[in-house]
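What's in coords-v1.tsv: TSV, C-alpha atoms
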chain	number	residue	atom	x	y	z
S	22	MET	CA	164.24	28.49	1.57
S	23	THR	CA	160.83	28.97	3.01
S	24	ALA	CA	161.95	27.58	6.35
S	25	VAL	CA	164.94	29.95	6.51
S	26	GLY	CA	162.70	32.95	5.68
S	27	ALA	CA	160.28	31.99	8.39
S	28	ASP	CA	163.11	31.86	10.92
S	29	THR	CA	164.66	35.20	10.05
S	30	VAL	CA	161.50	37.34	9.75
S	31	PRO	CA	159.80	37.79	13.17
S	32	ASP	CA	156.28	36.47	13.16
S	33	PRO	CA	153.93	39.19	14.49
S	34	THR	CA	151.42	36.58	15.63
S	35	SER	CA	153.90	34.60	17.75
S	36	PRO	CA	153.29	34.61	21.53
S	37	ALA	CA	156.77	36.07	22.20
S	38	GLN	CA	156.17	38.97	19.83
S	39	GLY	CA	152.71	39.53	21.33
S	40	ALA	CA	154.16	39.60	24.86
S	41	ARG	CA	156.83	42.12	23.78
S	42	GLY	CA	154.15	44.33	22.20
S	43	GLU	CA	152.01	44.08	25.34
S	44	LYS	CA	155.03	44.99	27.52
S	45	ARG	CA	155.86	48.01	25.34
S	46	TRP	CA	152.26	49.12	25.45
S	47	ARG	CA	152.13	48.72	29.25
S	48	THR	CA	155.36	50.71	29.70
S	49	PHE	CA	153.90	53.50	27.56
S	50	ALA	CA	150.64	53.47	29.59
S	51	ASP	CA	152.63	53.57	32.88
S	52	ALA	CA	154.75	56.49	31.64
S	53	VAL	CA	151.65	58.46	30.59
S	54	ALA	CA	149.88	57.79	33.91
S	55	LEU	CA	153.00	58.74	35.90
S	56	THR	CA	153.59	61.95	33.92
S	57	LEU	CA	150.00	63.13	34.10
S	58	GLY	CA	149.70	62.11	37.77
S	59	LEU	CA	152.85	64.04	38.66
S	60	ASN	CA	151.49	67.03	36.72
S	61	VAL	CA	148.28	66.93	38.77
S	62	TRP	CA	150.23	66.63	42.03
S	63	LEU	CA	152.59	69.46	41.11
S	64	SER	CA	149.90	71.87	39.96
S	65	LEU	CA	147.30	71.06	42.59
S	66	VAL	CA	149.38	70.44	45.71
S	67	LEU	CA	153.13	71.06	45.55
S	68	VAL	CA	153.33	74.47	43.84
S	69	PRO	CA	150.41	76.01	45.81
S	70	ALA	CA	151.81	74.52	49.06
S	71	ILE	CA	155.19	76.16	48.45
S	72	HIS	CA	153.42	79.39	47.51
S	73	VAL	CA	151.38	79.61	50.72
S	74	GLY	CA	154.21	78.29	52.90
S	75	ALA	CA	152.50	75.02	53.81
S	76	MET	CA	155.76	73.05	53.89
S	77	ARG	CA	157.38	74.39	57.02
S	78	THR	CA	157.31	71.35	59.28
S	79	ALA	CA	158.19	67.71	58.61
S	80	TRP	CA	154.52	66.81	59.18
S	81	GLN	CA	153.39	69.26	56.49
S	82	ILE	CA	156.03	67.99	54.03
S	83	ALA	CA	154.89	64.42	54.67
S	84	LEU	CA	151.29	65.42	53.99
S	85	VAL	CA	152.26	67.11	50.71
S	86	LEU	CA	154.26	64.02	49.66
S	87	LEU	CA	151.49	61.63	50.72
S	88	PRO	CA	149.65	61.50	47.32
S	89	LEU	CA	152.83	60.18	45.66
S	90	ALA	CA	152.50	56.91	47.56
S	91	PRO	CA	149.16	55.79	46.01
S	92	LEU	CA	150.33	57.09	42.62
S	93	LEU	CA	153.49	54.99	42.67
S	94	VAL	CA	151.73	51.97	44.18
S	95	GLY	CA	149.00	52.29	41.54
S	96	ILE	CA	151.52	52.30	38.71
S	97	TRP	CA	153.56	49.50	40.24
S	98	ARG	CA	150.49	47.32	40.83
S	99	ARG	CA	148.63	48.71	37.78
S	100	SER	CA	145.65	49.19	40.04
S	101	GLU	CA	142.65	51.24	38.88
S	102	LEU	CA	141.50	51.58	42.48
S	103	ALA	CA	144.79	53.20	43.53
S	104	LEU	CA	145.18	55.41	40.46
S	105	LEU	CA	141.58	56.58	40.10
S	106	GLY	CA	140.43	56.32	43.72
S	107	ALA	CA	143.24	56.50	46.27
S	108	PHE	CA	145.47	59.02	44.46
S	109	PRO	CA	142.75	61.67	43.85
S	110	SER	CA	141.52	61.16	47.44
S	111	ALA	CA	145.07	61.52	48.80
S	112	LEU	CA	145.39	64.83	46.93
S	113	LEU	CA	142.57	66.17	49.10
S	114	VAL	CA	144.36	65.32	52.38
S	115	PRO	CA	146.94	68.16	52.38
S	116	ILE	CA	144.28	70.51	50.99
S	117	SER	CA	141.85	69.67	53.78
S	118	VAL	CA	144.56	70.23	56.42
S	119	THR	CA	145.71	73.51	54.84
S	120	PRO	CA	142.71	74.89	52.91
S	121	MET	CA	144.83	77.86	51.75
S	122	ILE	CA	146.38	75.47	49.20
S	123	ALA	CA	143.08	75.52	47.30
S	124	SER	CA	142.48	79.22	47.77
S	125	PRO	CA	140.84	80.77	44.69
S	126	HIS	CA	143.20	83.74	45.08
S	127	LEU	CA	146.07	81.42	44.11
S	128	TYR	CA	144.39	80.22	40.98
S	129	GLY	CA	142.37	82.66	38.95
S	130	PRO	CA	140.11	81.40	36.16
S	131	VAL	CA	142.90	80.71	33.64
S	132	ARG	CA	145.09	78.64	35.96
S	133	PHE	CA	141.97	76.95	37.32
S	134	GLY	CA	141.13	75.92	33.74
S	135	MET	CA	144.64	74.57	33.16
S	136	VAL	CA	144.70	72.59	36.40
S	137	GLY	CA	141.19	71.29	35.61
S	138	ALA	CA	142.33	70.21	32.14
S	139	GLY	CA	145.32	68.40	33.73
S	140	ILE	CA	143.04	66.53	36.15
S	141	VAL	CA	140.59	65.58	33.38
S	142	ALA	CA	143.49	64.41	31.18
S	143	TYR	CA	144.87	62.29	34.03
S	144	VAL	CA	141.50	60.71	34.88
S	145	LEU	CA	140.55	60.00	31.26
S	146	SER	CA	143.95	58.63	30.26
S	147	GLY	CA	144.28	56.59	33.47
S	148	SER	CA	140.84	55.11	32.94
S	149	PHE	CA	141.49	54.42	29.25
S	150	PHE	CA	144.95	52.92	29.57
S	151	MET	CA	144.07	50.75	32.56
S	152	ALA	CA	141.01	49.30	30.82
S	153	PHE	CA	142.52	48.97	27.33
S	154	HIS	CA	144.27	45.75	26.40
S	155	GLU	CA	145.97	45.36	23.07
S	156	PRO	CA	144.58	42.20	21.48
S	157	ALA	CA	147.01	39.77	19.91
S	158	ALA	CA	147.45	40.19	16.16
S	159	PRO	CA	145.04	37.88	14.34
S	160	VAL	CA	146.38	35.00	12.26
S	161	SER	CA	144.09	35.97	9.40
S	162	THR	CA	141.31	38.48	8.81
S	163	ARG	CA	138.12	38.31	6.80
S	164	PRO	CA	135.91	41.38	6.40
S	165	LEU	CA	132.31	40.90	7.49
S	166	ALA	CA	129.57	41.76	5.03
S	167	SER	CA	127.95	44.15	7.54
S	168	ALA	CA	131.22	46.10	7.90
S	169	ALA	CA	130.83	47.49	4.39
S	170	SER	CA	127.31	48.83	4.99
S	171	VAL	CA	126.58	52.25	6.49
S	172	ARG	CA	126.23	52.31	10.25
S	173	PRO	CA	122.55	52.27	11.27
S	174	ALA	CA	121.08	55.55	12.52
S	175	ARG	CA	120.43	54.12	15.99
S	176	TRP	CA	124.14	53.39	16.48
S	177	GLN	CA	125.10	56.86	15.28
S	178	ARG	CA	122.59	58.30	17.75
S	179	ARG	CA	123.98	56.13	20.55
S	180	GLU	CA	127.54	57.18	19.84
S	181	ARG	CA	126.49	60.82	19.76
S	182	ILE	CA	124.80	60.43	23.17
S	183	TYR	CA	127.86	58.66	24.61
S	184	TRP	CA	130.02	61.58	23.54
S	185	GLN	CA	127.52	64.11	24.89
S	186	LEU	CA	127.45	62.33	28.26
S	187	THR	CA	131.25	62.22	28.35
S	188	ILE	CA	131.49	65.97	27.66
S	189	LEU	CA	128.78	66.74	30.22
S	190	ALA	CA	130.60	64.53	32.74
S	191	VAL	CA	133.54	66.92	32.45
S	192	VAL	CA	131.57	70.18	32.24
S	193	CYS	CA	129.28	69.59	35.23
S	194	PRO	CA	131.91	69.29	38.01
S	195	VAL	CA	134.09	72.01	36.46
S	196	LEU	CA	131.12	74.41	36.45
S	197	GLY	CA	130.28	73.55	40.07
S	198	LEU	CA	133.86	74.13	41.22
S	199	TYR	CA	134.09	77.32	39.17
S	200	TRP	CA	130.94	78.72	40.77
S	201	VAL	CA	132.09	77.87	44.28
S	202	ASN	CA	135.53	79.42	43.82
S	203	PHE	CA	135.06	82.28	41.38
S	204	ASP	CA	131.41	83.37	41.37
S	205	PRO	CA	131.42	86.90	42.89
S	206	GLY	CA	128.00	86.37	44.52
S	207	ILE	CA	129.08	83.23	46.37
S	208	THR	CA	132.44	84.72	47.35
S	209	SER	CA	130.83	87.84	48.81
S	210	PHE	CA	128.20	85.72	50.59
S	211	LEU	CA	130.92	83.58	52.21
S	212	THR	CA	132.91	86.68	53.20
S	213	GLN	CA	129.80	88.18	54.78
S	214	MET	CA	128.54	85.03	56.52
S	215	TYR	CA	131.83	83.46	57.61
S	216	PRO	CA	134.38	86.21	58.21
S	217	GLY	CA	137.81	84.70	58.90
S	218	ARG	CA	136.67	81.23	57.85
S	219	VAL	CA	136.25	81.77	54.13
S	220	HIS	CA	139.00	79.30	53.13
S	221	GLY	CA	137.57	76.53	55.30
S	222	MET	CA	134.05	77.11	54.01
S	223	SER	CA	135.30	77.21	50.40
S	224	THR	CA	137.00	73.85	50.93
S	225	LEU	CA	133.83	72.44	52.47
S	226	LEU	CA	131.77	73.67	49.52
S	227	ASN	CA	134.30	72.18	47.08
S	228	VAL	CA	134.05	68.81	48.82
S	229	ALA	CA	130.23	69.15	48.76
S	230	VAL	CA	130.33	69.84	45.01
S	231	LEU	CA	132.53	66.77	44.44
S	232	ALA	CA	130.29	64.59	46.63
S	233	LEU	CA	127.17	65.82	44.83
S	234	TRP	CA	128.88	65.20	41.52
S	235	LEU	CA	129.74	61.62	42.52
S	236	VAL	CA	126.09	60.95	43.40
S	237	LEU	CA	124.92	62.51	40.11
S	238	PHE	CA	127.52	60.57	38.16
S	239	LEU	CA	126.52	57.25	39.70
S	240	HIS	CA	122.77	57.76	39.35
S	241	VAL	CA	122.41	59.90	36.22
S	242	PHE	CA	125.38	59.32	33.94
S	243	LEU	CA	126.19	55.71	34.80
S	244	GLY	CA	122.47	55.07	35.23
S	245	ALA	CA	121.84	56.04	31.62
S	246	LEU	CA	124.74	53.95	30.30
S	247	ARG	CA	124.30	50.84	32.45
S	248	PRO	CA	121.55	49.20	30.34
S	249	HIS	CA	123.87	49.42	27.34
S	250	ARG	CA	126.57	47.31	28.98
S	251	THR	CA	124.74	44.05	28.35
S	252	GLY	CA	127.86	42.34	27.06
S	253	ASP	CA	129.73	42.86	30.34
S	254	ARG	CA	129.92	39.46	32.02
S	255	ASP	CA	130.59	40.91	35.47
S	256	LEU	CA	127.63	43.24	35.13
S	257	VAL	CA	125.31	40.48	33.97
S	258	THR	CA	126.32	38.43	37.03
S	259	THR	CA	125.74	41.42	39.29
S	260	LEU	CA	122.32	41.96	37.73
S	261	ALA	CA	121.38	38.31	38.23
S	262	LEU	CA	122.44	38.52	41.88
S	263	ALA	CA	120.52	41.78	42.31
S	264	ARG	CA	117.38	40.21	40.83
S	265	ALA	CA	117.65	37.24	43.17
S	266	ASP	CA	118.26	39.61	46.07
S	267	ALA	CA	115.22	41.76	45.20
S	268	ALA	CA	112.97	38.72	45.01
S	269	LYS	CA	113.74	37.69	48.61
S	270	GLY	CA	110.68	37.92	50.83
S	271	ARG	CA	112.65	38.76	53.94
S	272	PRO	CA	114.32	42.00	55.06
S	273	ARG	CA	117.92	42.26	53.90
S	274	LEU	CA	120.98	43.13	55.95
S	275	ARG	CA	120.64	46.82	55.09
S	276	PHE	CA	117.22	46.86	56.80
S	277	HIS	CA	118.69	45.67	60.09
S	278	LEU	CA	121.66	48.03	59.73
S	279	ALA	CA	119.34	50.98	59.03
S	280	VAL	CA	117.18	50.19	62.07
S	281	ALA	CA	120.29	49.91	64.24
S	282	ALA	CA	121.71	53.16	62.83
S	283	ALA	CA	118.43	55.04	63.34
S	284	LEU	CA	118.14	53.87	66.94
S	285	GLY	CA	121.85	54.47	67.65
S	286	PHE	CA	121.84	57.98	66.26
S	287	MET	CA	118.59	58.83	68.03
S	288	ALA	CA	120.25	57.76	71.27
S	289	LEU	CA	123.30	59.86	70.37
S	290	LEU	CA	121.08	62.88	69.71
S	291	VAL	CA	119.32	62.47	73.06
S	292	TYR	CA	122.73	62.14	74.73
S	293	LEU	CA	124.01	65.30	72.99
S	294	ARG	CA	120.88	67.25	73.98
S	295	HIS	CA	121.28	66.34	77.65
S	296	LEU	CA	125.06	66.48	77.83
Q	255	MET	CA	96.90	41.40	54.07
Q	256	ARG	CA	100.65	41.49	54.76
Q	257	ARG	CA	101.10	43.39	51.55
Q	258	TYR	CA	98.89	46.28	52.78
Q	259	PHE	CA	100.65	46.21	56.14
Q	260	PHE	CA	104.02	46.62	54.42
Q	261	GLU	CA	102.60	49.33	52.14
Q	262	ILE	CA	101.27	51.37	55.07
Q	263	LEU	CA	104.55	50.92	56.94
Q	264	ALA	CA	106.53	52.05	53.88
Q	265	LEU	CA	104.34	55.13	53.50
Q	266	LEU	CA	104.67	56.01	57.16
Q	267	LEU	CA	108.43	55.50	57.26
Q	268	ILE	CA	109.22	57.34	54.02
Q	269	GLY	CA	106.83	60.17	54.96
Q	270	GLY	CA	108.18	60.21	58.52
Q	271	SER	CA	111.75	60.51	57.30
Q	272	MET	CA	110.82	63.92	55.86
Q	273	PHE	CA	110.37	65.12	59.43
Q	274	PHE	CA	113.99	64.27	60.20
Q	275	PHE	CA	115.22	66.05	57.07
Q	276	LYS	CA	113.20	69.13	58.03
Q	277	GLU	CA	114.67	68.98	61.53
Q	278	SER	CA	118.13	68.71	59.96
Q	279	ILE	CA	117.52	71.93	58.01
Q	280	ASP	CA	116.29	73.63	61.19
Q	281	TYR	CA	119.48	72.60	63.01
Q	282	LEU	CA	121.57	73.89	60.09
Q	283	ALA	CA	119.76	77.24	60.28
Q	284	ARG	CA	120.64	77.34	63.99
Q	285	ARG	CA	124.26	76.47	63.04
Q	286	ASP	CA	124.17	73.29	65.09
Q	287	TYR	CA	126.06	71.27	62.50
Q	288	ILE	CA	126.66	68.13	64.57
Q	289	ALA	CA	122.97	67.76	65.44
Q	290	ALA	CA	122.05	68.44	61.80
Q	291	LEU	CA	124.37	65.67	60.64
Q	292	VAL	CA	123.08	63.21	63.25
Q	293	VAL	CA	119.43	63.94	62.37
Q	294	MET	CA	120.22	63.63	58.67
Q	295	VAL	CA	121.71	60.16	59.23
Q	296	ILE	CA	118.57	59.21	61.18
Q	297	GLY	CA	116.46	60.44	58.24
Q	298	ILE	CA	118.50	58.41	55.75
Q	299	SER	CA	118.24	55.32	57.97
Q	300	VAL	CA	114.46	55.70	58.30
Q	301	ILE	CA	113.98	56.21	54.56
Q	302	THR	CA	116.14	53.10	53.93
Q	303	VAL	CA	113.88	51.07	56.21
Q	304	GLY	CA	110.86	52.52	54.36
Q	305	LYS	CA	112.36	51.52	51.03
Q	306	GLU	CA	112.90	47.99	52.32
Q	307	MET	CA	109.27	47.84	53.44
Q	308	ALA	CA	108.16	49.01	49.99
Q	309	ARG	CA	110.29	46.26	48.42
Q	310	LEU	CA	108.74	43.67	50.72
Q	311	ALA	CA	105.27	44.97	49.79
Q	312	LEU	CA	106.15	44.51	46.13
Q	313	VAL	CA	107.38	40.93	46.47
Q	314	GLN	CA	104.34	39.81	48.49
Q	315	ARG	CA	101.96	37.69	46.45
Q	316	ASP	CA	98.23	37.94	47.13
Please go through the file and, once you have read it, give me the structure as C-alpha cells.
Amino acid sequence: MTAVGADTVPDPTSPAQGARGEKRWRTFADAVALTLGLNVWLSLVLVPAIHVGAMRTAWQIALVLLPLAPLLVGIWRRSELALLGAFPSALLVPISVTPMIASPHLYGPVRFGMVGAGIVAYVLSGSFFMAFHEPAAPVSTRPLASAASVRPARWQRRERIYWQLTILAVVCPVLGLYWVNFDPGITSFLTQMYPGRVHGMSTLLNVAVLALWLVLFLHVFLGALRPHRTGDRDLVTTLALARADAAKGRPRLRFHLAVAAALGFMALLVYLRHL
Amino acid sequence: MRRYFFEILALLLIGGSMFFFKESIDYLARRDYIAALVVMVIGISVITVGKEMARLALVQRD
C-alpha cells in the first residue's frame, strides 16, 4: 500500500518536480521582464516617437525598433547584461538621434513620474528575477535555535540601511532628471543660453545626469554595500586578485595606457591648435 | 630613497593634473568643447599616472 501511495502522489522533492517548478518560475520571470520591458519601450520611445513624428523614414522606424532586439535576446538568453545593460542603452539611441522624443513638453511631471516608475519597476524586477533562483524543496527541515530568538539590533540596523540605500538609489536619479527637465530656472537658462538648441542641450544634460549617477552609484552606494558581501565567492576572488595586484612593485598596464593616452591627446591638442 | 622619489612624482602629477582640469574649464567657458574634452582626458590620464606613482610609493619598503 505504501508503495502504491508513493507512486501516485507526486514527490515535491523529486528532481523532475523541481525542474518543472524551476521551469514554471523561469517562464513567469520571463513574462514579467518582457511585459515591463515592453512597457518601458512603449512609454519612453514608441508613443513619444509617434507623437513627434519621428517615424517617417525606414531608418527612423528601425531606430525606434532597435531596443526590442536586446530585450528579446536578453529574455531568450536570460542575460542580465542584455536586459539591464544593452536594452536601457539601446533605448537612448533613438532619443539621442531625435532628442524631441525626450522633450519635457511631451511629458509633464505626472507622466514623467509614471514613466519613471515603469523604468524603476523594470530594472528592479529584472535584477531580482535574474538573480533569484528557487532552491529545491528540502527533504526535511529542522528549525535552528537562533531562529526563535529576536533578531539582533545590528542586523535590524543593517536591513534598515539597505532599504534606505535602495530608496535613495531610486530618488537620486529621478530628482536629477526632474530638475534637468522641469525646473523652471534650468529651462529658462537653457532657453536663454542655447536658443534653438534647447532639446539637444536637455538631452546632453540628461545623459550627464545618468553618467554622474552611474559614478555615484558605483562609488557611493555599491561602495557602502561591498564590504557586506563577504559571502560572495566571486567577490572574494576579485578581492584576492586586487590585493595581489596592489602589492606589485611595478607599474601596471593602466600606468602605461595612461602615459600613452596623455601623450597622444597632447599631440592631438597641438594638432588641433595648429590645424 | 625610491619611496620619496615616487612620492614627489605622485604629488607633482596629481597636482599638475589640476592644471589640465582648469584649462578644460577655460575651454568650456570659451565654448571650445572638443578642446575641453581632449584636455580633460589628458588630466584624467595624468592623475591616473599620479595615482599609480602613489601606489608604488606605498608598496616600497624602506
>> Give me, as a PyMOL selection string, all polymer residues having an atom no more than 8 Å from Ile268 in chain Q, counting only C-alpha atoms and skipping those fewer than 2 positions away in the same chain.
In response: chain Q and resi 264-266+270-272+300-301+304-305
Check every residue of chain S for an atom within 10 Å of chain Q, counting only C-alpha atoms, and provide those that qualify as a compact mmCIF listing (two decimals) with C-alpha atoms, in the frame of the given file.
# COMPACT_ATOMS: atom_id res chain seq x y z
CA ALA S 267 115.22 41.76 45.20
CA ALA S 268 112.97 38.72 45.01
CA LYS S 269 113.74 37.69 48.61
CA GLY S 270 110.68 37.92 50.83
CA ARG S 271 112.65 38.76 53.94
CA PRO S 272 114.32 42.00 55.06
CA ARG S 273 117.92 42.26 53.90
CA ARG S 275 120.64 46.82 55.09
CA PHE S 276 117.22 46.86 56.80
CA HIS S 277 118.69 45.67 60.09
CA LEU S 278 121.66 48.03 59.73
CA ALA S 279 119.34 50.98 59.03
CA VAL S 280 117.18 50.19 62.07
CA ALA S 281 120.29 49.91 64.24
CA ALA S 282 121.71 53.16 62.83
CA ALA S 283 118.43 55.04 63.34
CA LEU S 284 118.14 53.87 66.94
CA GLY S 285 121.85 54.47 67.65
CA PHE S 286 121.84 57.98 66.26
CA MET S 287 118.59 58.83 68.03
CA LEU S 289 123.30 59.86 70.37
CA LEU S 290 121.08 62.88 69.71
CA VAL S 291 119.32 62.47 73.06
CA LEU S 293 124.01 65.30 72.99
CA ARG S 294 120.88 67.25 73.98
> CA of Phe49 in chain S to CA of Gly139 in chain S: how many Å, to one decimal?
Replying inline: 18.3 Å
> Which polymer residues have any atom within 10 Å of an atom of range 203-206 of chain S, counting only C-alpha atoms, with same-chain residues fewer than 3 positions away left out, as a ChimeraX atom specification?
Replying inline: /S:125-126,128-130,133,197-200,209-212
Given the selection you just returned, output its residues as a file containing C-alpha atoms, formatted as a short mmCIF file (atom, residue, chain, number, x, y, z; two decimals), in the frame of the given file.
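Output below, filename result-v1.cif:
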data_model
loop_
_atom_site.label_atom_id
_atom_site.label_comp_id
_atom_site.auth_asym_id
_atom_site.auth_seq_id
_atom_site.Cartn_x
_atom_site.Cartn_y
_atom_site.Cartn_z
CA PRO S 125 140.84 80.77 44.69
CA HIS S 126 143.20 83.74 45.08
CA TYR S 128 144.39 80.22 40.98
CA GLY S 129 142.37 82.66 38.95
CA PRO S 130 140.11 81.40 36.16
CA PHE S 133 141.97 76.95 37.32
CA GLY S 197 130.28 73.55 40.07
CA LEU S 198 133.86 74.13 41.22
CA TYR S 199 134.09 77.32 39.17
CA TRP S 200 130.94 78.72 40.77
CA SER S 209 130.83 87.84 48.81
CA PHE S 210 128.20 85.72 50.59
CA LEU S 211 130.92 83.58 52.21
CA THR S 212 132.91 86.68 53.20
#
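The nearest approach to Glu43 in chain S among the residues S:Val94, S:Ala103, S:Ile122, S:Ala158, with all atoms listed in the file taken into account, belongs to S:Ala158.
Between CA of Met151 in chain S and CA of Arg99 in chain S the interatomic distance comes to 7.2 Å.
The space separating CA of Ala138 in chain S from CA of Phe150 in chain S comes to 17.7 Å.
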> Once you count only C-alpha atoms, which residues end up no further than 12 Å from (149.8, 68.6, 40.4) in the file's frame, shown as a PyMOL selection string?
Replying inline: chain S and resi 55-70+85-86+88-89+92+108-109+111-113+122-123+132-133+135-143
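Minimum distance to Ala229 in chain S across S:Ala83, S:Val201, S:Val257, S:Ala152 (counting only C-alpha atoms) occurs at S:Val201.
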> Using all atoms listed in the file, which of the listed residues (Q:Ala308, Q:Ile279, Q:Asp286, Q:Phe274) sits closest to Ile262 in chain Q?
Replying inline: Q:Ala308
Could you extract range 263-277 of chain Q of the given structure into a file holding N, CA and C atoms, as a PDB file, in the first residue's frame?
ATOM      1  N   LEU Q 263      56.963  62.431  -7.195  1.00  0.00           N
ATOM      2  CA  LEU Q 263      56.363  62.306  -8.541  1.00  0.00           C
ATOM      3  C   LEU Q 263      54.832  62.285  -8.455  1.00  0.00           C
ATOM      4  N   ALA Q 264      54.316  61.526  -7.483  1.00  0.00           N
ATOM      5  CA  ALA Q 264      52.856  61.437  -7.319  1.00  0.00           C
ATOM      6  C   ALA Q 264      52.269  62.808  -7.012  1.00  0.00           C
ATOM      7  N   LEU Q 265      52.939  63.536  -6.110  1.00  0.00           N
ATOM      8  CA  LEU Q 265      52.456  64.882  -5.766  1.00  0.00           C
ATOM      9  C   LEU Q 265      52.438  65.787  -6.990  1.00  0.00           C
ATOM     10  N   LEU Q 266      53.557  65.743  -7.721  1.00  0.00           N
ATOM     11  CA  LEU Q 266      53.667  66.614  -8.901  1.00  0.00           C
ATOM     12  C   LEU Q 266      52.601  66.268  -9.949  1.00  0.00           C
ATOM     13  N   LEU Q 267      52.423  64.969 -10.181  1.00  0.00           N
ATOM     14  CA  LEU Q 267      51.490  64.554 -11.238  1.00  0.00           C
ATOM     15  C   LEU Q 267      50.044  64.841 -10.837  1.00  0.00           C
ATOM     16  N   ILE Q 268      49.684  64.522  -9.594  1.00  0.00           N
ATOM     17  CA  ILE Q 268      48.295  64.757  -9.175  1.00  0.00           C
ATOM     18  C   ILE Q 268      48.029  66.259  -9.114  1.00  0.00           C
ATOM     19  N   GLY Q 269      49.014  67.016  -8.571  1.00  0.00           N
ATOM     20  CA  GLY Q 269      48.855  68.487  -8.546  1.00  0.00           C
ATOM     21  C   GLY Q 269      48.822  69.059  -9.956  1.00  0.00           C
ATOM     22  N   GLY Q 270      49.708  68.518 -10.820  1.00  0.00           N
ATOM     23  CA  GLY Q 270      49.782  69.022 -12.200  1.00  0.00           C
ATOM     24  C   GLY Q 270      48.522  68.746 -12.987  1.00  0.00           C
ATOM     25  N   SER Q 271      47.845  67.649 -12.650  1.00  0.00           N
ATOM     26  CA  SER Q 271      46.612  67.330 -13.391  1.00  0.00           C
ATOM     27  C   SER Q 271      45.543  68.410 -13.172  1.00  0.00           C
ATOM     28  N   MET Q 272      45.624  69.093 -12.031  1.00  0.00           N
ATOM     29  CA  MET Q 272      44.651  70.166 -11.756  1.00  0.00           C
ATOM     30  C   MET Q 272      44.737  71.259 -12.822  1.00  0.00           C
ATOM     31  N   PHE Q 273      45.978  71.486 -13.315  1.00  0.00           N
ATOM     32  CA  PHE Q 273      46.158  72.486 -14.357  1.00  0.00           C
ATOM     33  C   PHE Q 273      45.330  72.127 -15.600  1.00  0.00           C
ATOM     34  N   PHE Q 274      45.364  70.841 -15.945  1.00  0.00           N
ATOM     35  CA  PHE Q 274      44.613  70.417 -17.132  1.00  0.00           C
ATOM     36  C   PHE Q 274      43.103  70.563 -16.904  1.00  0.00           C
ATOM     37  N   PHE Q 275      42.648  70.257 -15.700  1.00  0.00           N
ATOM     38  CA  PHE Q 275      41.212  70.408 -15.433  1.00  0.00           C
ATOM     39  C   PHE Q 275      40.802  71.882 -15.487  1.00  0.00           C
ATOM     40  N   LYS Q 276      41.702  72.750 -14.982  1.00  0.00           N
ATOM     41  CA  LYS Q 276      41.396  74.191 -15.037  1.00  0.00           C
ATOM     42  C   LYS Q 276      41.347  74.658 -16.498  1.00  0.00           C
ATOM     43  N   GLU Q 277      42.307  74.163 -17.289  1.00  0.00           N
ATOM     44  CA  GLU Q 277      42.320  74.502 -18.715  1.00  0.00           C
ATOM     45  C   GLU Q 277      41.032  74.023 -19.387  1.00  0.00           C
TER      46      GLU Q 277
END
